[in-house]
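Comments concern the structure below.
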Amino acid sequence: MREAVKGPTHGDRMSGFVLRRLGFAVITLFAVLTLVFFIVRILPGDPAMAMLGDQASMQAIEQLRARLGLDRPLPVQYVEFMAGVLTGDWGTSLVSGRPVIQEILKVLPATLELTAVSLLLGAVIGVPLGVWSAVNRNRMPDYVTRLASLLGLSFPAFVSAVLLLLVFAIHLNWFPVISSGQGETFGARMRDLALPAINLGLIMAAYITRVSRSSMLEVLGQDYVRTAQAKGIEFRTIIWRHCLRNSMIPVVTVVGLYLGILIGNSVLTEIVFNRPGLGKLIVGALNQRDYTMLQGMMVIYTLIVVLVNLVTDLTYGLIDPRVKYK
Amino acid sequence: MLRHVLTAAVLVAGIGTAHAAGTTLNVGIATADAGKLDPHLATTTPDKGLLHWMYNGLVRIKPGQASPAYIEPDLAESWTTSADGLTWNFKLRQGVKCHGKYGEFDAEDAVFSIKRAATKESSSFSKDYAALKVVEAVGTHEVKIVLANPIPSLLGLLVPYHGGNMVCKDAVEDLGAAFERTPIGTGPFMFAEYQPQQYVKLVANEAYFRGAPKLKEIYYRYIPSDASRDLAFQSGEIDMVYGKQDETWVERISKIPNTKVVVMEPGEMSVLSLNMSMPPLDNILVRKAIAHAINRDAMVQFRGASVTRASISPVPEGYLGYTADVPTYPHDVAKAKALLAEAGFPNGVTVKAIHTTLPGMLATMEVVQALLKEAGINLEITTVEHATFHAQIRQNLSQVVHYSAARFPIADVYLTQFFDSDSIVGKPTAVTNFSHCDVADAEIRAARVEPNKEKQLALWKTAQQKIMETVCAVPVYENMQLWAWKSNLDLGTEVKGSLNLSPPINEMAQFK
C-alpha cells in the first residue's frame with residue numbers, strides 16, 4: 001500500500017505566499033522610510049524659519065531648531081524616527097503641533113472614498129468601452145474610443161477639473177464649487193463626490209479602456225475563440241463568458257499600477273474641488289517644510305501602494321485558477 | 001430630455017443651494033488649512049486675517065484704516081502717560097465679557113496677555129515687547145506699564161495685531177494646548193467650529209460691548225486654488241474673496257455682477273537690496289547705475305496702476321515717519337551707462353541674483369532684468385523654490401535680493417529690519433538686511449528711543465535720506481491688498497486699509 005504523499009494544500013500555499021509578500025512589504029517600507037527621512041532633510045529651506053515667519057531673528061530660529069530637535073545629529077534623529085514609526089508614534093506636526101497620525105486619519109477616508117469611487121467609475125466605463133472597441137476593431141466605434149481615451153490620457157487633471165466646475169457648477173449650477181466631502185445625508189455626500197469622482201474616474205477610464213482593448217484583441221485571436229465560434233456559440237456569449245475573464249489579468253495589473261497615478265491626480269483634484277484629503281495636507285506640509293507631516297504621509301502612501309500590490313497579486317488567483325502562489 | 005432627467009436626479013440627491021441668506025457670511029481665503037489660531041503665535045496672512053474678527057486690543061486703529069495715526073480706545077477707555085513717556089496708565093472699560101464661560105475681562109487678563117506676548121515660549125513677537133519693564137494691574141480695571149527706555153510707539157504694541165491681541169487668562173489656562181485651536185477673545189465674533197482643510201466657523205458674540213453683531217455666522221473657508229476660489233465667488237458660495245495682487249484679477253472679478261473690489265493699505269513694498277559686500281555692487285557708481293536703469297512708471301504699468309504705486313523711499317508710503325524728501329534716481333538709461341563707464345565697466349557688467357519661483361515675484365524680477373539689460377547691466381537670475389530662496393538669501397548668497405514685504409506701519413520697523421547693521425544676514429542678530437547697509441545706524445537707533453516726536457521724525461527722515469544717498473537698496477513699487485465682496489454686504493465703514501490684511505468685519509457689518 002502506498003502512502004499518500006502529502007503536499008501543501010492550496011490554502012497553505014496561499015497563506016505562505018501572503019506571509020512572504022508581507023515580509024517583502026516590510027522591507028520595502030523600511031527602505032522607503034530611510035529614503036524619505038534623508039530626502040526630506042536634504043531639501044533646502046528651514047522649517048524653523050517657515051514657522052516663525054520672515055521677521056524672525058537668527059537667534060529665535062536657532063532656539064526653535066533646538067526645541068524641535070533639528071539641531072541634533074542625523075543618526076540620532078533617524079533612530080528616533082524609526083523607533084517612533086514602529087511604535088505608532090509618528091510625531092507631531094511641526095506646524096499645527098497636533099499628532100501627525102491624527103491629522104492624516106482625519107482626512108484619509110475622504111481620499112480613499114474619492115479614489116475608490118473613481119476606480120469603480122473608471123472600470124465601469126473603461127472595460128465595456130475597451131471590449132466594444134476591440135470587437136469593432138478598425139471601425140468607427142474603435143476610432144472614436146481610441147481618440148477619446150487618448151484625450152483622457154493627455155488631459156491634465158487640473159484643467160479638466162476647472163472645465164467641469166465651469167460647466168456643471170457655474171453654468172448649470174447643479175453642483176457646488178466647494179466639495180466639503182462631509183455631507184450629512186447620503187445624497188449630499190454623493191453630490192460633493194460627483195464632480196471630483198467624474199474628473200478622476202474619466203482619467204482612469206481612459207487607461208482602462210486602452211488596456212482592455214489590447215488585451216481583448218489578444219484573446220480574440222486565440223484558438224479557443226475560433227473553436228467556440230465554430231461550435232456555433234453566440235458571439236456575445238463568447239465575448240462576455242469566455243474572453244472577458246481571460247483578458248482581465250493585464251487590466252488588473254494596470255489598475256494596480258495606475259493607482260499611483262490616480263493618487264497623484266487626486267492631489268490636484270482635491271485642491272481644485274477644494275475637497276479635504278491627503279492632497280491638501282501634503283501641499284501644505286511641503287510649503288511649510290513640515291518634516292514630520294511629510295514623513296507620516298510618505299509612510300501612508302507607501303503602505304497604500306504596498307497593500308494595493310498585494311491585493312493585485314491575490315486577485316490574479318480569483319480571475320484565473322491556474323495561477324499558482326509560490 | 002436628458003437635461004430633465006439629470007436635473008431630477010440632482011434634486012432627488014438632495015441638491016438645492018442652502019444659503020441662510022442675510023446673516024451668514026462666507027469668506028474664501030487662499031490657503032489649504034488653518035495654521036496656528038493663537039493670536040500671539042499666528043504669523044501668516046490667513047491666520048491673522050481670521051483672528052482679526054475675534055480679538056480686541058487695549059487700543060485699536062479705527063476700522064478701515066491701517067495707519068497708527070488713527071489710534072482710538074478699544075478695551076481701554078482712556079490712558080495717561082508720564083512726561084518722560086516711560087510710565088503709562090490704561091483705564092479699562094467695565095463689563096467687557098470674554099467669549100463663552102470665561103467671565104469678565106479685567107486688568108488681570110490684560111496684564112496676563114501682555115506678559116504672555118512678551119514671553120518667548122508663548123509668543124512669536126516677544127522681542128517687540130523687550131522694553132516693557134513693569135506690567136501690573138492697579139485695582140481691577142487699570143493697567144500700569146513702565147518702559148525701560150522710550151520706544152517708537154507703545155500704543156502700536158497694544159492694538160489688536162500680533163502680541164497686542166488681548167487674550168483671556170482663564171481661557172488660556174483652562175484650555176492649555178487646545179487654546180491654539182480654540183481661540184477665546186472679547187471681539188465681535190466667537191470661535192465655534194473648526195473643520196480641517198475646510199473652514200473655521202465663527203458665531204456672533206451677542207454680549208459684545210459695542211453691541212450684538214448684525215451678522216450671525218462667518219464661515220472662513222480655506223480654498224487654496226485661485227481658480228476655484230474665484231469660481232466659488234462667482235457661484236455665490238462665498239460672499240467675500242481674497243484677491244491675487246494682480247490687475248488682471250481685478251478686471252476678471254469686476255465682471256461678476258454685484259461685486260465690489262477693494263484696494264487696501266498697507267502696501268507690500270518690492271525692494272531690490274544691493275549687496276554692498278560683493279563686487280561690483282561695492283561700487284556706488286554701479287549701484288547708482290542700477291537705480292537709474294529702473295523705470296518705475298513702466299513697472300507700475302506692468303503690475304497695474306489701480307493696484308500698485310511707485311516707491312522712492314526705503315520706507316513704504318503711509319508709514320509713520322515716511323518721507324518723500326529723499327535723493328531720487330529718475331529713469332535715465334544714458335546716465336546709467338555713463339555711470340557704469342565711470343565705474344570702469346564701459347562694456348557693461350554682470351550681477352547675479354537668487355530668486356523665488358513664485359510667479360508674481362518672478363515676473364517682476366524678469367521685468368527688472370529687461371530694464372537693466374537696456375543699460376548694459378546683465379542680471380543673471382537663478383530660480384529656486386520659495387522656501388529655498390528664503391534660506392539662501394539669508395546665507396548671503398545673492399548679490400541682488402528682491403524682497404516684498406509689509407510691516408507694522410512705523411518707519412522704525414522697516415528701517416531696523418532692513419537697514420540696521422545688526423540685522424545684516426549672517427550675524428546672530430540677523431533679520432533681513434541683505435544689502436549690508438550700515439550708514440544710518442546712528443539715526444535709526446536714536447529715533448527708536450527719542451521721546452520727542454518731532455525729533456524722532458527728523459531722525460527717521462535723515463536715515464531714509466542717507467540710505468538713498470548710498471543706494472543700499474532700490475525701492476520699486478508697492479502692491480496693495482486686494483479683496484472683493486458682494487456689493488450688498490455693507491461693512492459699516494469705508495475700507496481704506498487693514499493692519500491684519502483682512503477687511504474689518506465687526507458688529508456693524510450686514511447684508512442689505
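Note on naming: chains are A, B, ... as they come in the C-alpha cells, residues start from 1 per chain, ligands start from 1 in the order shown.
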Given a cut-off of 7 Å, which residues of chain B touch chain A, counting only C-alpha atoms, written out as a compact mmCIF listing (two decimals) with N, CA and C atoms, in the first residue's frame?
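The result, written out as selection.txt:
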# COMPACT_ATOMS: atom_id res chain seq x y z
N VAL B 10 -30.53 65.11 -9.76
CA VAL B 10 -29.78 66.00 -8.88
C VAL B 10 -30.66 66.47 -7.72
N ALA B 13 -31.14 63.81 -5.27
CA ALA B 13 -29.93 63.62 -4.46
C ALA B 13 -29.79 64.69 -3.38
N GLY B 14 -30.78 65.51 -3.24
CA GLY B 14 -30.78 66.44 -2.12
C GLY B 14 -30.06 67.73 -2.42
N ILE B 15 -30.12 68.14 -3.66
CA ILE B 15 -29.44 69.38 -4.01
C ILE B 15 -30.40 70.55 -3.95
N ALA B 32 -4.47 76.22 2.26
CA ALA B 32 -5.07 74.89 2.32
C ALA B 32 -5.72 74.59 3.66
N GLY B 35 -3.47 77.46 10.18
CA GLY B 35 -2.18 77.19 10.81
C GLY B 35 -2.34 77.26 12.31
N LYS B 36 -1.78 78.31 12.90
CA LYS B 36 -1.92 78.49 14.34
C LYS B 36 -2.99 79.54 14.60
N THR B 43 1.44 83.93 12.41
CA THR B 43 2.24 84.87 11.63
C THR B 43 1.78 84.94 10.17
N SER B 124 5.37 84.71 19.25
CA SER B 124 6.32 84.92 18.14
C SER B 124 6.84 86.35 18.11
N GLN B 197 -8.99 71.61 6.89
CA GLN B 197 -8.90 71.86 5.44
C GLN B 197 -10.18 72.43 4.85
N GLN B 198 -11.17 72.73 5.66
CA GLN B 198 -12.41 73.24 5.09
C GLN B 198 -12.74 74.64 5.59
N ILE B 223 -9.51 77.81 0.68
CA ILE B 223 -9.59 77.43 -0.74
C ILE B 223 -8.28 77.80 -1.41
N PRO B 224 -7.33 76.85 -1.48
CA PRO B 224 -6.00 77.21 -1.98
C PRO B 224 -5.95 77.49 -3.48
N SER B 225 -6.83 76.89 -4.27
CA SER B 225 -6.76 77.09 -5.72
C SER B 225 -7.37 78.43 -6.09
N SER B 228 -10.55 78.05 -8.23
CA SER B 228 -11.76 77.59 -7.53
C SER B 228 -12.31 78.67 -6.61
N LEU B 231 -14.23 80.95 -8.74
CA LEU B 231 -15.46 80.29 -9.20
C LEU B 231 -16.48 80.20 -8.07
N ALA B 232 -16.01 79.92 -6.86
CA ALA B 232 -16.92 79.83 -5.72
C ALA B 232 -17.56 81.19 -5.44
N SER B 235 -20.18 81.63 -8.17
CA SER B 235 -21.38 80.82 -7.99
C SER B 235 -22.16 81.25 -6.75
N ALA B 387 10.82 78.37 -0.35
CA ALA B 387 11.44 78.16 0.96
C ALA B 387 12.97 78.16 0.84
N THR B 388 13.46 77.62 -0.28
CA THR B 388 14.90 77.59 -0.52
C THR B 388 15.43 79.01 -0.72
N ALA B 391 15.91 80.67 2.51
CA ALA B 391 17.09 80.17 3.23
C ALA B 391 18.37 80.71 2.60
N PRO B 428 24.36 86.86 14.23
CA PRO B 428 23.40 86.16 15.10
C PRO B 428 22.10 86.95 15.26
N THR B 429 22.20 88.27 15.16
CA THR B 429 21.00 89.10 15.33
C THR B 429 20.33 89.40 13.98
N ALA B 430 20.73 88.67 12.95
CA ALA B 430 20.28 88.97 11.59
C ALA B 430 18.77 88.96 11.45
N VAL B 431 18.27 89.88 10.63
CA VAL B 431 16.86 89.80 10.23
C VAL B 431 16.87 89.79 8.69
(message) I'd like the neighbourhood of segment 210-222 of chain A as a ChimeraX atom specification, where a residue qualifies if any of its atoms comes within 9 Å (using only C-alpha atoms), though same-chain residues fewer than 4 positions away should be ignored.
(response) /A:126-135,137,145-146,149-150,205-206,226,239,243-244,246-251,254
Export of prior selection with N, CA, C and O atoms as a JSON list (two decimals), in the first residue's frame:
[["chain", "number", "residue", "atom", "x", "y", "z"],
["A", 126, "GLY", "N", -14.55, 51.95, -18.47],
["A", 126, "GLY", "CA", -13.40, 51.55, -19.27],
["A", 126, "GLY", "C", -13.49, 50.15, -19.84],
["A", 126, "GLY", "O", -13.18, 49.94, -21.02],
["A", 127, "VAL", "N", -13.92, 49.17, -19.04],
["A", 127, "VAL", "CA", -13.92, 47.78, -19.51],
["A", 127, "VAL", "C", -14.89, 47.58, -20.69],
["A", 127, "VAL", "O", -14.47, 47.10, -21.75],
["A", 128, "PRO", "N", -16.17, 47.94, -20.54],
["A", 128, "PRO", "CA", -17.09, 47.75, -21.68],
["A", 128, "PRO", "C", -16.63, 48.50, -22.92],
["A", 128, "PRO", "O", -16.72, 47.99, -24.04],
["A", 129, "LEU", "N", -16.11, 49.71, -22.70],
["A", 129, "LEU", "CA", -15.68, 50.52, -23.83],
["A", 129, "LEU", "C", -14.52, 49.85, -24.55],
["A", 129, "LEU", "O", -14.45, 49.82, -25.78],
["A", 130, "GLY", "N", -13.58, 49.30, -23.75],
["A", 130, "GLY", "CA", -12.42, 48.61, -24.32],
["A", 130, "GLY", "C", -12.84, 47.39, -25.13],
["A", 130, "GLY", "O", -12.35, 47.16, -26.24],
["A", 131, "VAL", "N", -13.78, 46.64, -24.57],
["A", 131, "VAL", "CA", -14.27, 45.44, -25.24],
["A", 131, "VAL", "C", -14.97, 45.82, -26.55],
["A", 131, "VAL", "O", -14.72, 45.26, -27.61],
["A", 132, "TRP", "N", -15.83, 46.81, -26.45],
["A", 132, "TRP", "CA", -16.60, 47.29, -27.61],
["A", 132, "TRP", "C", -15.65, 47.72, -28.73],
["A", 132, "TRP", "O", -15.81, 47.39, -29.89],
["A", 133, "SER", "N", -14.60, 48.44, -28.30],
["A", 133, "SER", "CA", -13.61, 48.94, -29.24],
["A", 133, "SER", "C", -12.86, 47.78, -29.91],
["A", 133, "SER", "O", -12.63, 47.79, -31.12],
["A", 134, "ALA", "N", -12.52, 46.76, -29.14],
["A", 134, "ALA", "CA", -11.76, 45.62, -29.67],
["A", 134, "ALA", "C", -12.60, 44.83, -30.66],
["A", 134, "ALA", "O", -12.12, 44.42, -31.73],
["A", 135, "VAL", "N", -13.85, 44.61, -30.29],
["A", 135, "VAL", "CA", -14.75, 43.83, -31.15],
["A", 135, "VAL", "C", -14.96, 44.54, -32.48],
["A", 135, "VAL", "O", -15.08, 43.90, -33.54],
["A", 137, "ARG", "N", -12.84, 46.41, -34.06],
["A", 137, "ARG", "CA", -11.51, 46.86, -34.41],
["A", 137, "ARG", "C", -11.45, 47.48, -35.82],
["A", 137, "ARG", "O", -12.00, 46.93, -36.78],
["A", 145, "THR", "N", -13.39, 55.58, -29.79],
["A", 145, "THR", "CA", -12.96, 55.21, -28.44],
["A", 145, "THR", "C", -11.47, 55.48, -28.25],
["A", 145, "THR", "O", -11.06, 56.01, -27.22],
["A", 146, "ARG", "N", -10.69, 55.14, -29.27],
["A", 146, "ARG", "CA", -9.25, 55.35, -29.12],
["A", 146, "ARG", "C", -8.92, 56.84, -29.01],
["A", 146, "ARG", "O", -8.07, 57.23, -28.21],
["A", 149, "SER", "N", -9.98, 58.06, -25.55],
["A", 149, "SER", "CA", -9.12, 57.62, -24.45],
["A", 149, "SER", "C", -7.77, 58.34, -24.51],
["A", 149, "SER", "O", -7.18, 58.66, -23.49],
["A", 150, "LEU", "N", -7.31, 58.63, -25.72],
["A", 150, "LEU", "CA", -6.06, 59.36, -25.86],
["A", 150, "LEU", "C", -6.20, 60.77, -25.25],
["A", 150, "LEU", "O", -5.33, 61.26, -24.55],
["A", 205, "ALA", "N", -10.69, 55.79, -16.57],
["A", 205, "ALA", "CA", -11.41, 55.09, -17.64],
["A", 205, "ALA", "C", -10.57, 55.07, -18.92],
["A", 205, "ALA", "O", -10.53, 54.07, -19.63],
["A", 206, "ALA", "N", -9.87, 56.17, -19.17],
["A", 206, "ALA", "CA", -9.04, 56.25, -20.36],
["A", 206, "ALA", "C", -7.95, 55.17, -20.33],
["A", 206, "ALA", "O", -7.73, 54.47, -21.31],
["A", 226, "ARG", "N", -11.90, 30.69, -31.79],
["A", 226, "ARG", "CA", -12.33, 30.20, -33.11],
["A", 226, "ARG", "C", -13.15, 28.92, -32.95],
["A", 226, "ARG", "O", -14.19, 28.74, -33.56],
["A", 239, "ILE", "N", -17.73, 36.45, -26.06],
["A", 239, "ILE", "CA", -17.05, 37.63, -25.54],
["A", 239, "ILE", "C", -17.20, 37.72, -24.02],
["A", 239, "ILE", "O", -16.21, 37.79, -23.29],
["A", 243, "CYS", "N", -14.04, 35.24, -23.18],
["A", 243, "CYS", "CA", -12.90, 36.13, -23.44],
["A", 243, "CYS", "C", -12.65, 37.12, -22.32],
["A", 243, "CYS", "O", -11.51, 37.38, -21.95],
["A", 244, "LEU", "N", -13.74, 37.69, -21.80],
["A", 244, "LEU", "CA", -13.58, 38.78, -20.83],
["A", 244, "LEU", "C", -12.70, 38.36, -19.66],
["A", 244, "LEU", "O", -11.72, 39.02, -19.32],
["A", 246, "ASN", "N", -10.61, 35.98, -19.39],
["A", 246, "ASN", "CA", -9.23, 35.70, -19.79],
["A", 246, "ASN", "C", -8.43, 36.96, -20.10],
["A", 246, "ASN", "O", -7.21, 36.94, -20.07],
["A", 247, "SER", "N", -9.13, 38.03, -20.42],
["A", 247, "SER", "CA", -8.40, 39.26, -20.76],
["A", 247, "SER", "C", -8.22, 40.18, -19.56],
["A", 247, "SER", "O", -7.64, 41.24, -19.68],
["A", 248, "MET", "N", -8.71, 39.75, -18.41],
["A", 248, "MET", "CA", -8.73, 40.69, -17.28],
["A", 248, "MET", "C", -7.42, 40.80, -16.51],
["A", 248, "MET", "O", -7.20, 41.77, -15.80],
["A", 249, "ILE", "N", -6.54, 39.80, -16.64],
["A", 249, "ILE", "CA", -5.30, 39.86, -15.84],
["A", 249, "ILE", "C", -4.46, 41.10, -16.14],
["A", 249, "ILE", "O", -4.07, 41.82, -15.22],
["A", 250, "PRO", "N", -4.20, 41.41, -17.40],
["A", 250, "PRO", "CA", -3.44, 42.64, -17.67],
["A", 250, "PRO", "C", -4.18, 43.88, -17.15],
["A", 250, "PRO", "O", -3.54, 44.82, -16.68],
["A", 251, "VAL", "N", -5.50, 43.84, -17.23],
["A", 251, "VAL", "CA", -6.26, 45.00, -16.77],
["A", 251, "VAL", "C", -6.05, 45.21, -15.27],
["A", 251, "VAL", "O", -5.79, 46.33, -14.81],
["A", 254, "VAL", "N", -2.66, 46.63, -14.58],
["A", 254, "VAL", "CA", -2.57, 48.04, -14.91],
["A", 254, "VAL", "C", -3.32, 48.89, -13.89],
["A", 254, "VAL", "O", -2.82, 49.94, -13.46]]
(request) Pull the strand (DSSP E) assignments for segment 82-308 of chain B out of DSSP run on the backbone, and list those residues as a count of residues only. (result) 57
Distance table requested - segment 139-250 of chain B against segment 94-110 of chain B, cut-off 9 Å, only C-alpha atoms: one row per qualifying residue with the closest atom pair and its distance in Å to one decimal, ordered by chain and rising residue number, as a Markdown table.
| residue | atom | partner | partner_atom | distance |
| --- | --- | --- | --- | --- |
| B:Gly139 | CA | B:Ala107 | CA | 7.4 |
| B:Thr140 | CA | B:Ala107 | CA | 5.3 |
| B:His141 | CA | B:Ala107 | CA | 4.9 |
| B:Glu142 | CA | B:Ala107 | CA | 5.6 |
| B:Val143 | CA | B:Ala107 | CA | 5.8 |
| B:Met166 | CA | B:Ala110 | CA | 6.3 |
| B:Val167 | CA | B:Asp109 | CA | 7.0 |
| B:Cys168 | CA | B:Asp109 | CA | 5.4 |
| B:Lys169 | CA | B:Asp109 | CA | 5.1 |
| B:Asp170 | CA | B:Tyr102 | CA | 6.2 |
| B:Ala171 | CA | B:Tyr102 | CA | 6.1 |
| B:Ile184 | CA | B:His99 | CA | 5.8 |
| B:Gly185 | CA | B:Cys98 | CA | 5.7 |
| B:Thr186 | CA | B:Cys98 | CA | 4.7 |
| B:Gly187 | CA | B:His99 | CA | 7.9 |
| B:Phe189 | CA | B:His99 | CA | 8.6 |
| B:Met190 | CA | B:His99 | CA | 6.3 |
| B:Phe191 | CA | B:His99 | CA | 8.4 |
| B:Asn205 | CA | B:His99 | CA | 7.0 |
| B:Ala207 | CA | B:Lys97 | CA | 6.8 |
| B:Tyr208 | CA | B:Lys97 | CA | 7.2 |
| B:Phe209 | CA | B:Val96 | CA | 5.8 |
(request) Do a neighbour search on Pro75 of chain A at 12 Å with only C-alpha atoms, toss out local chain neighbours closer than 6 positions, and write the hits as a list of chain:residue names. (result)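 Near neighbours after the sequence-gap exclusion: A:Thr34, A:Phe37, A:Phe38, A:Arg41, A:Phe81, A:Met82.
Once segment 448-454 of chain B and its same-chain neighbours fewer than 5 positions away are set aside, Asp84, Gly85, Leu86, Asn149, Pro150, Ile151, Pro152, Ser153, Asp412, Glu443 and Leu459 of chain B remain within 9 Å of it when counting only C-alpha atoms.
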Set the distance at 10 Å and use only C-alpha atoms: which residues neighbour Ile263 of chain A once local chain neighbours fewer than 2 positions away are removed? I'd like the list as a compact mmCIF listing (two decimals) with all heavy atoms, in the first residue's frame.
# COMPACT_ATOMS: atom_id res chain seq x y z
N THR A 111 -9.99 60.82 1.00
CA THR A 111 -9.19 60.46 -0.17
C THR A 111 -9.49 59.04 -0.63
O THR A 111 -9.62 58.78 -1.83
CB THR A 111 -7.68 60.60 0.16
OG1 THR A 111 -7.41 61.96 0.42
CG2 THR A 111 -6.82 60.14 -1.00
N LEU A 112 -9.63 58.13 0.32
CA LEU A 112 -9.93 56.73 -0.04
C LEU A 112 -11.28 56.65 -0.75
O LEU A 112 -11.44 55.95 -1.74
CB LEU A 112 -9.92 55.85 1.21
CG LEU A 112 -8.54 55.61 1.83
CD1 LEU A 112 -8.64 54.64 2.99
CD2 LEU A 112 -7.56 55.06 0.79
N LEU A 114 -12.80 58.97 -2.45
CA LEU A 114 -12.67 59.53 -3.79
C LEU A 114 -11.97 58.56 -4.73
O LEU A 114 -12.42 58.31 -5.86
CB LEU A 114 -11.89 60.86 -3.72
CG LEU A 114 -11.55 61.53 -5.05
CD1 LEU A 114 -12.81 61.90 -5.80
CD2 LEU A 114 -10.69 62.78 -4.82
N THR A 115 -10.85 57.97 -4.25
CA THR A 115 -10.08 57.07 -5.10
C THR A 115 -10.90 55.83 -5.45
O THR A 115 -10.92 55.39 -6.60
CB THR A 115 -8.78 56.64 -4.36
OG1 THR A 115 -8.23 57.79 -3.74
CG2 THR A 115 -7.78 56.05 -5.31
N LEU A 200 -11.60 62.28 -11.86
CA LEU A 200 -10.59 61.23 -11.73
C LEU A 200 -11.02 59.97 -12.46
O LEU A 200 -10.21 59.28 -13.08
CB LEU A 200 -10.40 60.89 -10.25
CG LEU A 200 -9.43 61.73 -9.47
CD1 LEU A 200 -9.26 61.17 -8.07
CD2 LEU A 200 -8.08 61.76 -10.17
N TYR A 258 -1.59 51.82 -11.96
CA TYR A 258 -2.05 53.19 -12.17
C TYR A 258 -2.70 53.81 -10.94
O TYR A 258 -3.03 54.98 -10.93
CB TYR A 258 -3.01 53.25 -13.36
CG TYR A 258 -2.28 53.15 -14.68
CD1 TYR A 258 -2.94 52.84 -15.85
CD2 TYR A 258 -0.91 53.38 -14.74
CE1 TYR A 258 -2.26 52.74 -17.05
CE2 TYR A 258 -0.23 53.27 -15.93
CZ TYR A 258 -0.90 52.95 -17.09
OH TYR A 258 -0.23 52.85 -18.26
N LEU A 259 -2.87 53.00 -9.91
CA LEU A 259 -3.43 53.58 -8.70
C LEU A 259 -2.51 54.69 -8.20
O LEU A 259 -2.97 55.68 -7.63
CB LEU A 259 -3.60 52.50 -7.63
CG LEU A 259 -4.68 52.91 -6.65
CD1 LEU A 259 -6.03 52.49 -7.20
CD2 LEU A 259 -4.45 52.31 -5.29
N GLY A 260 -1.21 54.52 -8.43
CA GLY A 260 -0.26 55.57 -8.06
C GLY A 260 -0.58 56.86 -8.80
O GLY A 260 -0.63 57.94 -8.20
N ILE A 261 -0.84 56.71 -10.11
CA ILE A 261 -1.19 57.90 -10.92
C ILE A 261 -2.47 58.53 -10.40
O ILE A 261 -2.62 59.74 -10.30
CB ILE A 261 -1.35 57.49 -12.40
CG1 ILE A 261 0.01 57.02 -12.94
CG2 ILE A 261 -1.91 58.63 -13.23
CD1 ILE A 261 -0.05 56.51 -14.35
N ASN A 265 -3.01 62.28 -9.19
CA ASN A 265 -4.02 63.18 -9.75
C ASN A 265 -5.04 63.60 -8.70
O ASN A 265 -5.65 64.66 -8.81
CB ASN A 265 -4.74 62.51 -10.91
CG ASN A 265 -3.95 62.64 -12.19
OD1 ASN A 265 -3.39 63.69 -12.46
ND2 ASN A 265 -3.88 61.58 -12.96
N SER A 266 -5.22 62.76 -7.68
CA SER A 266 -6.20 63.12 -6.66
C SER A 266 -5.71 64.32 -5.86
O SER A 266 -6.50 65.09 -5.33
CB SER A 266 -6.52 61.93 -5.75
OG SER A 266 -5.48 61.73 -4.83
N VAL A 267 -4.37 64.50 -5.79
CA VAL A 267 -3.85 65.70 -5.11
C VAL A 267 -4.38 66.94 -5.82
O VAL A 267 -4.97 67.83 -5.21
CB VAL A 267 -2.30 65.70 -5.12
CG1 VAL A 267 -1.77 67.02 -4.62
CG2 VAL A 267 -1.77 64.58 -4.25
N LEU A 268 -4.21 66.97 -7.16
CA LEU A 268 -4.67 68.13 -7.94
C LEU A 268 -6.18 68.27 -7.87
O LEU A 268 -6.73 69.37 -7.72
CB LEU A 268 -4.24 67.98 -9.40
CG LEU A 268 -2.73 67.95 -9.63
CD1 LEU A 268 -2.43 67.54 -11.06
CD2 LEU A 268 -2.14 69.31 -9.34
N THR A 269 -6.86 67.13 -7.98
CA THR A 269 -8.33 67.17 -7.96
C THR A 269 -8.85 67.71 -6.64
O THR A 269 -9.76 68.54 -6.61
CB THR A 269 -8.87 65.76 -8.23
OG1 THR A 269 -8.32 65.29 -9.45
CG2 THR A 269 -10.38 65.76 -8.32
N LEU A 278 -5.74 63.88 1.55
CA LEU A 278 -4.28 63.85 1.67
C LEU A 278 -3.62 64.90 0.78
O LEU A 278 -2.58 65.44 1.11
CB LEU A 278 -3.76 62.47 1.28
CG LEU A 278 -4.13 61.32 2.22
CD1 LEU A 278 -3.51 60.02 1.71
CD2 LEU A 278 -3.64 61.59 3.64
N GLY A 279 -4.24 65.20 -0.37
CA GLY A 279 -3.66 66.14 -1.31
C GLY A 279 -3.44 67.50 -0.69
O GLY A 279 -2.35 68.06 -0.74
N TYR A 301 1.39 56.71 2.08
CA TYR A 301 1.39 56.44 0.64
C TYR A 301 2.07 55.10 0.33
O TYR A 301 1.60 54.33 -0.48
CB TYR A 301 2.09 57.58 -0.12
CG TYR A 301 1.22 58.79 -0.35
CD1 TYR A 301 1.64 60.07 -0.05
CD2 TYR A 301 -0.07 58.64 -0.88
CE1 TYR A 301 0.83 61.18 -0.26
CE2 TYR A 301 -0.88 59.74 -1.10
CZ TYR A 301 -0.43 61.01 -0.79
OH TYR A 301 -1.23 62.10 -1.00
N ILE A 304 -0.15 52.27 1.27
CA ILE A 304 -1.24 52.10 0.30
C ILE A 304 -0.73 51.35 -0.94
O ILE A 304 -1.34 50.38 -1.38
CB ILE A 304 -1.82 53.48 -0.12
CG1 ILE A 304 -2.56 54.11 1.06
CG2 ILE A 304 -2.78 53.32 -1.30
CD1 ILE A 304 -3.08 55.50 0.79
N VAL A 305 0.43 51.78 -1.46
CA VAL A 305 0.94 51.16 -2.68
C VAL A 305 1.29 49.68 -2.44
O VAL A 305 0.94 48.80 -3.23
CB VAL A 305 2.18 51.94 -3.20
CG1 VAL A 305 2.86 51.18 -4.31
CG2 VAL A 305 1.74 53.32 -3.69
(message) as a count of residues only, please: the residues near Ser270 of chain B (cut-off 9 Å, only C-alpha atoms, same-chain neighbours under 2 positions excluded).
(response) 15
(request) Rounded to one decimal place, report the atom CA of Val307 of chain B-atom CA of Trp483 of chain B distance in Å. (result) 11.1 Å
(request) Extract the full set of alpha helix (DSSP H) residues from segment 5-207 of chain A according to DSSP on the backbone, and format it as JSON, numbers by chain. (result) {"A": [10, 11, 12, 13, 14, 15, 16, 17, 18, 19, 20, 21, 22, 23, 24, 25, 26, 27, 28, 29, 30, 31, 32, 33, 34, 35, 36, 37, 38, 39, 40, 41, 42, 47, 48, 49, 50, 51, 52, 58, 59, 60, 61, 62, 63, 64, 65, 66, 67, 68, 74, 75, 76, 77, 78, 79, 80, 81, 82, 83, 84, 85, 86, 100, 101, 102, 103, 104, 105, 106, 107, 108, 109, 110, 111, 112, 113, 114, 115, 116, 117, 118, 119, 120, 121, 122, 123, 124, 125, 126, 127, 128, 129, 130, 131, 132, 133, 134, 135, 140, 141, 142, 143, 144, 145, 146, 147, 148, 149, 150, 151, 152, 153, 154, 157, 158, 159, 160, 161, 162, 163, 164, 186, 187, 188, 189, 190, 191, 192, 193, 194, 195, 196, 197, 198, 199, 200, 201, 202, 203, 204, 205, 206, 207]}
